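> My file is final_6.cif. It has mmCIF, C-alpha atoms:
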data_model
#
loop_
_atom_site.label_atom_id
_atom_site.label_comp_id
_atom_site.auth_asym_id
_atom_site.auth_seq_id
_atom_site.Cartn_x
_atom_site.Cartn_y
_atom_site.Cartn_z
CA MET A 141 0.00 0.00 0.00
CA THR A 142 1.16 3.52 0.39
CA ARG A 143 3.17 3.20 3.57
CA LEU A 144 5.71 0.66 2.46
CA LYS A 145 9.26 1.79 2.62
CA GLY A 146 12.73 0.49 3.29
CA ALA A 147 12.84 -3.14 4.28
CA PHE A 148 9.07 -3.39 4.13
CA ALA A 149 9.11 -2.16 0.57
CA THR A 150 11.72 -4.79 -0.17
CA LEU A 151 9.58 -7.47 1.42
CA ALA A 152 6.56 -6.30 -0.50
CA ALA A 153 8.46 -6.11 -3.73
CA VAL A 154 9.68 -9.66 -3.32
CA VAL A 155 6.16 -10.87 -2.60
CA GLY A 156 4.65 -9.04 -5.53
CA PHE A 157 7.48 -9.97 -7.80
CA ALA A 158 7.49 -13.61 -6.83
CA ALA A 159 3.73 -13.89 -7.31
CA VAL A 160 4.13 -12.66 -10.85
CA LEU A 161 7.09 -14.96 -11.26
CA VAL A 162 5.00 -17.99 -10.29
CA ALA A 163 2.54 -17.02 -12.98
CA HIS A 164 5.38 -16.67 -15.45
CA THR A 165 6.65 -20.04 -14.38
CA LEU A 166 3.38 -21.65 -15.30
CA ILE A 167 3.05 -19.73 -18.50
CA GLY A 168 6.64 -20.40 -19.54
CA SER A 169 6.43 -24.15 -19.08
CA SER A 170 4.64 -26.84 -20.98
CA VAL A 171 1.36 -26.10 -19.24
CA PRO A 172 -1.71 -26.12 -21.49
CA ALA A 173 -2.94 -22.83 -22.89
CA SER A 174 -6.12 -23.09 -20.82
CA LEU A 175 -4.04 -22.28 -17.76
CA ARG A 176 -2.49 -19.18 -19.16
CA SER A 177 -4.61 -16.74 -17.24
CA ALA A 178 -1.94 -14.41 -15.98
CA ALA A 179 -1.88 -13.23 -12.40
CA GLY A 180 -3.64 -9.92 -11.89
CA ASN A 181 -5.55 -10.00 -15.14
CA ARG A 182 -7.93 -7.40 -13.80
CA PRO A 183 -8.33 -4.44 -16.14
CA GLY A 184 -7.01 -1.13 -14.90
CA GLY A 185 -5.45 -0.66 -11.48
CA SER A 186 -4.50 -4.29 -11.16
CA PRO A 187 -2.76 -4.64 -7.80
CA SER A 188 -0.18 -7.07 -9.10
CA ASN A 189 0.94 -4.56 -11.70
CA SER A 190 1.98 -2.17 -8.97
CA SER A 191 4.83 -2.62 -6.54
CA LYS A 192 2.79 -0.64 -4.02
CA THR A 193 0.00 -3.19 -3.84
CA PRO A 194 1.50 -6.66 -4.07
CA THR A 195 -0.95 -9.52 -4.32
CA THR A 196 -0.60 -13.22 -4.49
CA THR A 197 -3.21 -13.82 -7.15
CA VAL A 198 -2.06 -16.81 -9.12
CA PRO A 199 -3.77 -19.18 -11.54
CA GLY A 200 -4.01 -22.75 -10.31
CA PRO A 201 -2.86 -25.60 -12.54
CA ALA A 202 -6.26 -27.30 -12.41
CA GLY A 203 -6.68 -29.84 -15.17
CA VAL A 204 -2.98 -30.72 -15.47
CA THR A 205 -2.64 -34.46 -15.04
CA GLY A 206 0.42 -36.29 -13.78
CA ASN A 207 3.40 -35.10 -11.81
CA HIS A 208 5.43 -32.21 -13.22
CA ILE A 209 8.37 -30.20 -11.97
CA VAL A 210 8.69 -26.88 -13.73
CA THR A 211 11.31 -24.21 -13.21
CA GLY A 212 10.68 -20.57 -14.01
CA LYS A 213 13.13 -18.42 -15.89
CA VAL A 214 15.76 -16.65 -13.88
CA THR A 215 14.31 -13.18 -13.58
CA GLY A 216 15.84 -10.00 -12.29
CA TYR A 217 14.16 -7.88 -9.66
CA GLY A 218 15.22 -4.82 -7.72
CA TYR A 219 17.59 -6.63 -5.43
CA GLY A 220 18.86 -9.57 -7.45
CA GLU A 221 17.68 -12.55 -9.44
CA VAL A 222 15.38 -15.38 -8.51
CA ALA A 223 13.97 -18.48 -10.13
CA VAL A 224 11.17 -20.59 -8.66
CA ARG A 225 10.60 -24.31 -9.10
CA LEU A 226 7.10 -25.71 -8.80
CA GLN A 227 6.01 -29.28 -8.40
CA VAL A 228 2.54 -29.90 -9.79
CA ASP A 229 0.77 -33.16 -9.04
CA ASN A 230 -2.54 -33.83 -10.78
CA GLY A 231 -3.63 -30.25 -10.93
CA ARG A 232 -2.32 -29.13 -7.57
CA ILE A 233 0.83 -27.21 -6.76
CA VAL A 234 2.40 -29.40 -4.09
CA SER A 235 5.61 -27.48 -3.56
CA VAL A 236 7.15 -24.11 -4.34
CA LYS A 237 10.92 -23.92 -4.05
CA VAL A 238 13.62 -21.49 -5.00
CA ALA A 239 15.82 -22.94 -7.72
CA LYS A 240 18.17 -19.98 -7.85
CA LEU A 241 18.58 -16.88 -5.76
CA LEU A 242 21.18 -14.22 -6.42
CA THR A 243 20.99 -11.09 -4.33
CA ALA A 244 22.90 -7.84 -4.31
CA ASP A 245 23.68 -8.18 -0.62
CA SER A 246 23.14 -10.53 2.30
CA TYR A 247 20.26 -8.47 3.69
CA SER A 248 18.27 -8.89 0.52
CA GLN A 249 19.01 -12.60 0.61
CA GLN A 250 17.77 -12.89 4.18
CA ILE A 251 14.59 -11.04 3.29
CA ALA A 252 13.96 -13.24 0.27
CA GLN A 253 14.57 -16.37 2.32
CA GLN A 254 12.01 -15.20 4.86
CA VAL A 255 9.40 -14.24 2.31
CA ILE A 256 9.55 -17.21 0.00
CA PRO A 257 8.20 -19.83 2.44
CA MET A 258 5.32 -17.44 3.14
CA LEU A 259 4.74 -17.06 -0.55
CA ALA A 260 4.74 -20.82 -0.95
CA ARG A 261 1.88 -21.07 1.55
CA GLU A 262 -0.04 -18.30 -0.13
CA VAL A 263 0.34 -19.95 -3.51
CA MET A 264 -0.81 -23.28 -2.16
CA ALA A 265 -3.86 -21.68 -0.55
CA ALA A 266 -4.66 -19.60 -3.61
CA GLN A 267 -4.63 -22.51 -6.03
CA SER A 268 -6.53 -24.91 -3.87
CA ALA A 269 -10.07 -25.68 -4.90
CA ARG A 270 -11.36 -25.69 -1.37
CA ILE A 271 -8.94 -23.96 1.00
CA SER A 272 -9.38 -20.23 1.55
CA ALA A 273 -6.41 -19.70 3.86
CA ILE A 274 -3.71 -21.49 5.82
CA SER A 275 -3.07 -21.13 9.53
CA GLY A 276 0.39 -21.65 10.92
CA ALA A 277 3.00 -20.26 13.26
CA THR A 278 4.12 -16.76 12.41
CA TYR A 279 6.91 -16.85 9.91
CA THR A 280 8.72 -13.57 10.17
CA SER A 281 9.92 -11.78 13.24
CA GLU A 282 9.34 -8.16 13.96
CA GLY A 283 12.83 -7.73 15.37
CA TYR A 284 14.29 -9.20 12.26
CA ALA A 285 12.30 -6.87 10.01
CA TYR A 286 13.32 -3.81 11.97
CA SER A 287 16.98 -4.75 12.15
CA VAL A 288 16.96 -5.20 8.40
CA GLN A 289 15.32 -1.80 8.09
CA SER A 290 18.00 -0.14 10.16
CA ALA A 291 20.78 -1.90 8.29
CA LEU A 292 19.36 -0.78 4.96
CA ASP A 293 19.05 2.78 6.25
CA ALA A 294 22.70 2.67 7.35
CA LEU A 295 23.74 1.39 3.93
CA LYS A 296 21.94 4.21 2.18
CA LYS A 297 23.60 6.81 4.38
CA GLY A 298 27.04 5.22 3.99
CA MET B 844 -12.23 -21.97 -3.69
CA SER B 845 -12.58 -20.02 -6.86
CA GLU B 846 -10.54 -16.87 -7.24
CA GLU B 847 -13.43 -15.37 -9.19
CA GLY B 848 -15.05 -12.50 -7.31
CA TYR B 849 -12.36 -12.24 -4.63
CA PHE B 850 -9.75 -9.58 -4.08
CA ARG B 851 -6.40 -10.59 -2.58
CA HIS B 852 -3.84 -8.31 -1.07
CA ALA B 853 -0.71 -8.90 1.04
CA GLU B 854 0.54 -6.18 3.38
CA ALA B 855 3.93 -6.31 5.13
CA VAL B 856 3.21 -4.97 8.61
CA MET B 857 3.69 -5.90 12.30
CA GLY B 858 6.75 -7.93 11.45
CA THR B 859 4.78 -10.33 9.27
CA VAL B 860 2.57 -10.36 6.22
CA VAL B 861 -1.15 -9.75 6.62
CA SER B 862 -3.19 -11.09 3.73
CA PHE B 863 -6.69 -10.03 2.80
CA LEU B 864 -9.14 -12.23 0.92
CA LEU B 865 -12.24 -10.14 0.30
CA ALA B 866 -15.47 -10.84 -1.55
CA GLU B 867 -16.34 -8.13 -4.04
CA ASP B 868 -20.05 -8.93 -4.56
CA GLY B 869 -21.84 -5.81 -5.67
CA LEU B 870 -18.90 -3.51 -4.98
CA ALA B 871 -16.75 -1.57 -7.40
CA PHE B 872 -13.12 -2.67 -7.45
CA THR B 873 -12.08 0.82 -6.32
CA GLU B 874 -14.34 0.52 -3.24
CA VAL B 875 -12.68 -2.76 -2.21
CA LEU B 876 -9.25 -1.25 -2.81
CA ALA B 877 -10.09 1.86 -0.75
CA ALA B 878 -11.39 -0.27 2.15
CA THR B 879 -8.24 -2.40 2.01
CA GLU B 880 -6.02 0.69 2.06
CA LYS B 881 -7.83 1.98 5.14
CA ALA B 882 -7.49 -1.40 6.83
CA ALA B 883 -3.77 -1.54 6.04
CA ALA B 884 -3.28 2.02 7.30
CA GLU B 885 -4.99 1.06 10.57
CA LEU B 886 -2.63 -1.90 10.98
CA HIS B 887 0.38 0.40 10.48
CA ARG B 888 -1.07 2.89 12.97
CA LEU B 889 -1.55 0.17 15.62
CA ASP B 890 1.93 -1.17 14.87
CA GLN B 891 3.35 2.27 15.58
CA ILE B 892 1.55 2.35 18.94
CA PHE B 893 2.54 -1.13 20.13
CA SER B 894 5.89 -1.80 18.49
CA LEU B 895 8.61 -2.83 20.91
CA TRP B 896 11.21 -2.34 18.21
CA ARG B 897 10.79 1.40 17.85
CA GLU B 898 12.06 3.56 20.65
CA ASP B 899 9.49 6.22 19.77
CA SER B 900 6.43 3.95 20.09
CA PRO B 901 4.08 4.73 22.99
CA MET B 902 4.37 1.10 24.19
CA TRP B 903 8.17 1.29 24.25
CA ARG B 904 8.07 4.62 26.05
CA LEU B 905 5.51 3.32 28.55
CA ARG B 906 7.94 0.53 29.45
CA ALA B 907 10.79 3.00 29.66
CA GLY B 908 8.72 5.20 31.98
CA SER B 909 8.97 8.16 29.62
CA LEU B 910 5.35 8.38 28.49
CA ALA B 911 3.27 11.16 30.03
CA ALA B 912 -0.25 10.17 31.12
CA GLU B 913 -1.84 12.54 28.59
CA GLU B 914 0.16 10.89 25.78
CA LEU B 915 -1.21 7.42 26.50
CA PRO B 916 -3.24 6.22 23.50
CA PRO B 917 -6.55 4.61 24.57
CA GLU B 918 -5.58 1.44 22.70
CA ILE B 919 -2.88 0.58 25.27
CA PRO B 920 -5.08 0.38 28.41
CA ALA B 921 -7.71 -1.47 26.36
CA VAL B 922 -5.17 -4.12 25.33
CA LEU B 923 -3.62 -4.39 28.79
CA ALA B 924 -7.06 -4.88 30.38
CA LEU B 925 -7.68 -7.72 27.93
CA CYS B 926 -4.23 -9.17 28.71
CA ALA B 927 -5.09 -9.18 32.43
CA GLU B 928 -8.34 -11.06 31.75
CA VAL B 929 -6.54 -13.62 29.59
CA ARG B 930 -3.85 -14.07 32.24
CA GLU B 931 -6.60 -15.05 34.69
CA GLU B 932 -8.36 -17.31 32.17
CA THR B 933 -5.15 -19.18 31.36
CA GLY B 934 -3.98 -19.62 34.93
CA GLY B 935 -0.93 -17.44 34.26
CA ASN B 936 0.26 -19.33 31.20
CA PHE B 937 -0.27 -16.17 29.16
CA ASP B 938 1.37 -13.44 31.18
CA PRO B 939 2.75 -10.37 29.39
CA TRP B 940 4.00 -9.06 32.74
CA ALA B 941 6.19 -12.11 33.45
CA LEU B 942 8.38 -11.93 30.36
CA PRO B 943 12.13 -11.57 30.87
CA GLY B 944 12.40 -8.37 28.83
CA GLY B 945 9.54 -6.60 30.61
CA LEU B 946 5.86 -6.01 29.82
CA ASP B 947 5.19 -7.37 26.33
CA PRO B 948 1.59 -7.74 25.07
CA THR B 949 2.78 -8.80 21.58
CA GLY B 950 1.21 -12.26 21.97
CA LEU B 951 -2.25 -10.69 21.94
CA VAL B 952 -1.80 -7.43 20.01
CA LYS B 953 -1.54 -8.90 16.52
CA GLY B 954 -4.74 -10.91 16.89
CA TRP B 955 -6.46 -7.95 18.49
CA ALA B 956 -5.41 -5.65 15.64
CA ILE B 957 -6.51 -8.10 12.94
CA GLU B 958 -9.85 -8.64 14.67
CA ARG B 959 -10.33 -4.87 14.72
CA VAL B 960 -9.46 -4.52 11.06
CA GLY B 961 -11.90 -7.31 10.16
CA ALA B 962 -14.67 -5.31 11.86
CA LEU B 963 -13.50 -2.17 10.04
CA LEU B 964 -13.78 -3.92 6.66
CA GLN B 965 -17.28 -5.14 7.48
CA GLY B 966 -18.21 -1.61 8.50
CA ALA B 967 -16.91 -0.41 5.12
CA GLY B 968 -19.41 -2.70 3.40
CA ILE B 969 -17.17 -5.62 2.47
CA PRO B 970 -19.68 -8.51 2.52
CA ALA B 971 -17.30 -11.36 3.34
CA GLY B 972 -13.66 -12.22 3.71
CA ILE B 973 -10.70 -13.43 5.70
CA VAL B 974 -7.94 -11.27 7.18
CA ASN B 975 -4.95 -13.50 7.89
CA GLY B 976 -1.97 -12.14 9.83
CA GLY B 977 0.83 -14.61 9.41
CA GLY B 978 -1.47 -17.56 10.07
CA ASP B 979 -3.82 -15.96 12.63
CA MET B 980 -7.10 -15.01 11.01
CA THR B 981 -10.61 -13.72 11.37
CA ALA B 982 -13.40 -14.71 8.97
CA PHE B 983 -16.66 -12.88 8.30
CA GLY B 984 -19.60 -13.10 5.92
CA ARG B 985 -20.81 -15.85 3.64
CA PRO B 986 -18.13 -18.42 2.72
CA PRO B 987 -17.54 -19.29 -0.97
CA ALA B 988 -19.33 -22.63 -0.49
CA GLY B 989 -21.17 -24.28 2.37
CA PRO B 990 -21.67 -22.93 5.88
CA ALA B 991 -17.99 -22.39 6.74
CA TRP B 992 -14.70 -21.12 5.30
CA GLN B 993 -12.33 -24.00 4.67
CA VAL B 994 -8.98 -23.26 6.24
CA GLY B 995 -5.95 -25.54 6.35
CA ILE B 996 -3.69 -25.83 9.39
CA GLN B 997 -0.06 -26.16 8.43
CA HIS B 998 1.55 -29.41 9.52
CA PRO B 999 4.23 -28.59 12.09
CA TRP B 1000 7.05 -30.53 10.49
CA ARG B 1001 5.84 -31.55 7.05
CA ARG B 1002 6.08 -28.16 5.44
CA GLU B 1003 4.17 -29.04 2.30
CA ARG B 1004 1.27 -30.71 4.06
CA LEU B 1005 -1.71 -29.74 6.16
CA ALA B 1006 -2.28 -31.23 9.62
CA CYS B 1007 -6.04 -30.87 9.10
CA VAL B 1008 -8.73 -28.68 7.58
CA VAL B 1009 -11.01 -26.53 9.71
CA GLY B 1010 -14.49 -25.25 8.90
CA LEU B 1011 -14.37 -21.67 10.11
CA ALA B 1012 -17.88 -20.26 10.51
CA PRO B 1013 -18.52 -16.55 9.84
CA GLY B 1014 -17.56 -14.46 12.85
CA GLN B 1015 -15.01 -17.02 14.04
CA SER B 1016 -11.25 -16.70 14.34
CA LEU B 1017 -8.39 -19.19 14.15
CA ALA B 1018 -4.91 -18.76 15.59
CA THR B 1019 -2.01 -21.21 15.46
CA SER B 1020 1.05 -21.08 17.66
CA GLY B 1021 4.07 -23.29 17.15
CA ARG B 1022 7.74 -23.70 17.85
CA TYR B 1023 8.60 -24.67 14.30
CA GLU B 1024 8.87 -21.31 12.54
CA ARG B 1025 10.81 -19.02 14.83
CA GLY B 1026 12.54 -21.69 16.87
CA GLU B 1027 12.43 -21.29 20.61
CA HIS B 1028 10.66 -17.95 20.65
CA LEU B 1029 8.03 -18.93 23.15
CA PHE B 1030 8.89 -18.10 26.71
CA THR B 1031 7.56 -20.58 29.30
CA PRO B 1032 6.33 -18.82 32.44
CA LEU B 1033 5.43 -22.09 34.18
CA PRO B 1034 8.09 -24.72 33.37
CA ALA B 1035 6.76 -28.15 32.43
CA ALA B 1036 7.81 -31.20 34.45
CA GLY B 1037 8.72 -34.02 32.08
CA SER B 1038 5.67 -33.58 29.85
CA VAL B 1039 5.69 -33.87 26.07
CA ARG B 1040 6.00 -30.45 24.45
CA THR B 1041 3.51 -29.10 21.96
CA ALA B 1042 4.59 -28.69 18.34
CA SER B 1043 1.54 -26.78 17.15
CA VAL B 1044 -1.53 -25.40 18.89
CA SER B 1045 -4.59 -24.03 17.10
CA VAL B 1046 -7.50 -22.27 18.77
CA VAL B 1047 -10.88 -21.41 17.21
CA GLY B 1048 -13.28 -18.94 18.82
CA PRO B 1049 -15.15 -15.68 18.41
CA SER B 1050 -12.34 -13.23 19.32
CA LEU B 1051 -8.99 -13.44 17.53
CA ALA B 1052 -7.27 -11.48 20.32
CA ARG B 1053 -8.25 -14.27 22.72
CA SER B 1054 -7.65 -17.17 20.28
CA ASP B 1055 -4.15 -15.81 19.64
CA ALA B 1056 -3.32 -15.50 23.35
CA TYR B 1057 -4.90 -18.86 24.26
CA ALA B 1058 -2.85 -20.59 21.53
CA THR B 1059 0.30 -19.06 23.01
CA ALA B 1060 -0.74 -20.14 26.52
CA LEU B 1061 -1.51 -23.74 25.45
CA SER B 1062 1.85 -23.94 23.65
CA VAL B 1063 3.78 -23.39 26.84
CA ALA B 1064 1.43 -24.87 29.46
CA ALA B 1065 2.67 -27.79 31.58
CA ALA B 1066 -0.64 -29.60 31.01
CA PRO B 1067 -2.06 -28.17 27.79
CA ALA B 1068 -4.88 -30.72 27.42
CA SER B 1069 -6.23 -29.81 30.85
CA LEU B 1070 -5.91 -26.09 30.22
CA ALA B 1071 -7.72 -26.52 26.87
CA LYS B 1072 -10.80 -27.78 28.73
CA MET B 1073 -10.71 -24.82 31.12
CA LEU B 1074 -10.85 -22.11 28.45
CA PRO B 1075 -14.03 -19.98 28.26
CA ALA B 1076 -17.02 -21.46 26.41
CA GLY B 1077 -16.84 -21.04 22.66
CA TYR B 1078 -13.07 -21.62 22.40
CA GLU B 1079 -11.96 -24.95 20.99
CA SER B 1080 -8.42 -26.19 20.48
CA TYR B 1081 -6.39 -28.68 18.48
CA ILE B 1082 -2.89 -29.63 19.62
CA VAL B 1083 -0.15 -31.59 17.87
CA PHE B 1084 2.51 -32.77 20.31
CA GLU B 1085 6.18 -33.24 19.49
CA ASP B 1086 5.79 -37.03 19.66
CA GLY B 1087 3.10 -36.88 16.98
CA ALA B 1088 0.10 -37.33 19.27
CA GLU B 1089 -2.90 -35.10 18.56
CA GLU B 1090 -5.56 -33.86 20.93
CA ALA B 1091 -8.63 -31.75 20.20
CA THR B 1092 -11.50 -30.51 22.34
CA THR B 1093 -14.85 -32.08 21.42
CA GLY B 1094 -16.21 -29.00 19.66
CA PHE B 1095 -13.19 -28.28 17.47
CA PRO B 1096 -14.65 -27.64 13.99
CA PHE B 1097 -12.77 -30.12 11.83
CA ALA B 1098 -14.07 -29.86 8.28
CA ASP B 1099 -16.06 -32.80 7.03
CA PRO B 1100 -13.82 -35.19 5.15
CA PRO B 1101 -13.35 -33.58 1.74
CA PRO B 1102 -14.53 -35.36 -1.41
CA ASP B 1103 -10.94 -35.88 -2.61
CA GLY B 1104 -10.04 -37.50 0.70
CA ASP B 1105 -6.70 -35.72 1.11
CA ASP B 1106 -7.33 -34.53 4.65
CA ASN B 1107 -4.27 -35.74 6.55
CA ARG B 1108 -6.05 -35.92 9.87
CA GLY B 1109 -5.71 -39.31 11.47
CA THR B 1110 -2.61 -40.35 9.54
CA PRO B 1111 0.43 -41.32 11.65
CA LEU B 1112 2.80 -38.44 12.32
CA HIS B 1113 6.53 -38.83 12.71
CA PRO B 1114 8.94 -36.02 13.58
#
Do you think you could lay out the structure here as structure tokens?

Amino acid sequence: MTRLKGAFATLAAVVGFAAVLVAHTLIGSSVPASLRSAAGNRPGGSPSNSSKTPTTTVPGPAGVTGNHIVTGKVTGYGYGEVAVRLQVDNGRIVSVKVAKLLTADSYSQQIAQQVIPMLAREVMAAQSARISAISGATYTSEGYAYSVQSALDALKKG
Amino acid sequence: MSEEGYFRHAEAVMGTVVSFLLAEDGLAFTEVLAATEKAAAELHRLDQIFSLWREDSPMWRLRAGSLAAEELPPEIPAVLALCAEVREETGGNFDPWALPGGLDPTGLVKGWAIERVGALLQGAGIPAGIVNGGGDMTAFGRPPAGPAWQVGIQHPWRRERLACVVGLAPGQSLATSGRYERGEHLFTPLPAAGSVRTASVSVVGPSLARSDAYATALSVAAAPASLAKMLPAGYESYIVFEDGAEEATTGFPFADPPPDGDDNRGTPLHP
């Protein structure tokens, strides 16, 4: 939204970026054309087209039979490069993993490593035919987020 | 559930990610977006009041003794009063005053804030939805299908699987507390004597502030199964222990077995 800045903006950018990347992963693989409904296909003001309003809207691979492992293209984002590997089993995404992660600095890497498991959950919930959300232990720590924020601020000043 | 007719948004706030799943029925997209922006702004505002990581937050200054009485935001006494009630209800297993670093209501604040934002969205005319703060959520309005929202509970050590599926009725909340994500972040006010530790505790009930705090209390209690039965009426719990045993109160709303039969409940668990 409008208040994201610093480390939070980085977190949000990774989430938004990775959601789009998952969509690209599906589109770029041998998935049937019927699945190629891109994330955020809403006309005008689509949240996933804006780094300010990241969403995790993703198309599910419903209708794909058999077990497939597909890897997305290595794609650059503001703080490095990432590629995501999906395992699809009979129309369900059963795992979301990072195949490659290159970051400009260790802080960005730590942020990405925190965000990606969260994203994996969101993707799994979003593509499920019957699950609206997933409950689990909190996956990022406030202290961590703030220490990253302060480190990034120090880097910018330095 | 179908993505059709639902708006999703993820907001990085309160040290986690809060996701919104909101029904759009009869609303313009811009109305849903505006309501979401207000909800997100409220979460940031509450974060600024309660953050223990910012030396300028009222909560931090209250602890440091540098907050004048006229500067005290009304949200802080409201939350502390609720904390005191929950401390009584949990026999001291949830006790923000007993933490080593000083008064810390964090274990209740996130749920309280998300509950508040859920009410705010309903007040803004959003007909139905789920606000999920890092796994602790409140649900309102008509579910996509059937009488309840279908929500998965993450398996504590099989990352790609669900421990079970819950049917969350409108107006209900679900919080899960576990040792598996942040490591040993849960402080134990009353040390257990040789009992098996909990791996994951989920609580369902009307108030997310309470569900959140009760889940924390059950996670660290010496006898969590006994404490679970002593919680106020309307709160039900589901516990997975570190040895794989599971225990739920009789009213815990497990979803009916799904047609595809992939509910993992009842299958043997091994750490």
> Closest to chain A among B:Ala911, B:Ala956, B:Leu865, B:Ala1088, using all atoms listed in the file?
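Among the listed residues, the smallest separation from chain A belongs to B:Leu865.
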> Please check the contacts: residues of chain B at most 7 Å away from chain A, using only C-alpha atoms, listed as a list in words.
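In the required form, that comes to Met844, Ser845, Arg851, His852, Ala853, Ala855, Met857, Gly858, Thr859, Glu880, Trp896, Gly977, Gly978, Asp979, Trp992, Gln993, Val994, Gly995, Ile996, Gln997, Glu1003, Ala1018, Thr1019, Ser1020, Gly1021, Glu1024 and Arg1025 of chain B.
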> To verify the selection step, state as a ChimeraX atom specification which residues the PyMOL selection byres ((chain B and resi 906) around 12) yields on this input.
/B:893-895,897-905,907-911,915,919,940,944-948
> Could you check how far CA of Ala991 in chain B sits from CA of Pro1013 in chain B, in Å to one decimal?
6.6 Å
> Interatomic distance between CA of Leu963 in chain B and CA of Ala878 in chain B?
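Those two atoms sit 8.4 Å apart.
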> To verify the selection step, state as a PyMOL selection string which residues the PyMOL selection byres ((chain B and resi 870) around 12) yields on this input.
chain B and resi 848-850+865-869+871-878+967-971
> When you draw a straight line from CA of Leu942 in chain B to CA of Glu885 in chain B, how long is it in Å?
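Separating CA of Leu942 in chain B from CA of Glu885 in chain B is a distance of 27.2 Å.
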> I'd like the neighbourhood of range 1052-1058 of chain B as a PyMOL selection string, where a residue qualifies if any of its atoms comes within 8 Å (using all atoms listed in the file), though same-chain residues fewer than 6 positions away should be ignored.
chain B and resi 929+933+937+950-956+958+979+1016-1020+1044-1046+1074+1078+1080
> Apply the PyMOL selection byres ((chain B and resi 1093) around 12) to the structure shown and report the selected residues as an NGL selection string.
:B and (1068 or 1071-1072 or 1076-1081 or 1090-1092 or 1094-1097)
> Just add N, CA, C and O atoms to range 856-868 of chain B and send it as a short mmCIF file (atom, residue, chain, number, x, y, z; two decimals), in the frame of the given file.

data_model
loop_
_atom_site.label_atom_id
_atom_site.label_comp_id
_atom_site.auth_asym_id
_atom_site.auth_seq_id
_atom_site.Cartn_x
_atom_site.Cartn_y
_atom_site.Cartn_z
N VAL B 856 3.43 -5.84 7.44
CA VAL B 856 3.21 -4.97 8.61
C VAL B 856 3.29 -5.82 9.88
O VAL B 856 3.08 -7.03 9.83
N MET B 857 3.61 -5.22 11.00
CA MET B 857 3.69 -5.90 12.30
C MET B 857 4.68 -7.06 12.26
O MET B 857 4.47 -8.09 12.92
N GLY B 858 5.72 -6.92 11.49
CA GLY B 858 6.75 -7.93 11.45
C GLY B 858 6.34 -9.20 10.73
O GLY B 858 7.01 -10.22 10.81
N THR B 859 5.21 -9.16 10.03
CA THR B 859 4.78 -10.33 9.27
C THR B 859 4.05 -9.86 8.02
O THR B 859 4.20 -8.70 7.64
N VAL B 860 3.36 -10.75 7.38
CA VAL B 860 2.57 -10.36 6.22
C VAL B 860 1.11 -10.62 6.54
O VAL B 860 0.75 -11.72 6.96
N VAL B 861 0.29 -9.61 6.39
CA VAL B 861 -1.15 -9.75 6.62
C VAL B 861 -1.82 -9.86 5.26
O VAL B 861 -1.65 -8.98 4.41
N SER B 862 -2.53 -10.97 5.03
CA SER B 862 -3.19 -11.09 3.73
C SER B 862 -4.69 -10.94 3.86
O SER B 862 -5.30 -11.35 4.85
N PHE B 863 -5.25 -10.30 2.86
CA PHE B 863 -6.69 -10.03 2.80
C PHE B 863 -7.28 -10.85 1.66
O PHE B 863 -6.73 -10.87 0.56
N LEU B 864 -8.37 -11.54 1.95
CA LEU B 864 -9.14 -12.23 0.92
C LEU B 864 -10.56 -11.70 1.06
O LEU B 864 -11.24 -11.99 2.04
N LEU B 865 -10.99 -10.88 0.11
CA LEU B 865 -12.24 -10.14 0.30
C LEU B 865 -13.19 -10.37 -0.87
O LEU B 865 -12.80 -10.25 -2.04
N ALA B 866 -14.44 -10.68 -0.52
CA ALA B 866 -15.47 -10.84 -1.55
C ALA B 866 -15.83 -9.46 -2.11
O ALA B 866 -15.86 -8.47 -1.38
N GLU B 867 -16.06 -9.41 -3.39
CA GLU B 867 -16.34 -8.13 -4.04
C GLU B 867 -17.81 -7.95 -4.40
O GLU B 867 -18.17 -6.91 -4.95
N ASP B 868 -18.65 -8.93 -4.09
CA ASP B 868 -20.05 -8.93 -4.56
C ASP B 868 -20.68 -7.54 -4.50
O ASP B 868 -20.80 -6.97 -3.42
#
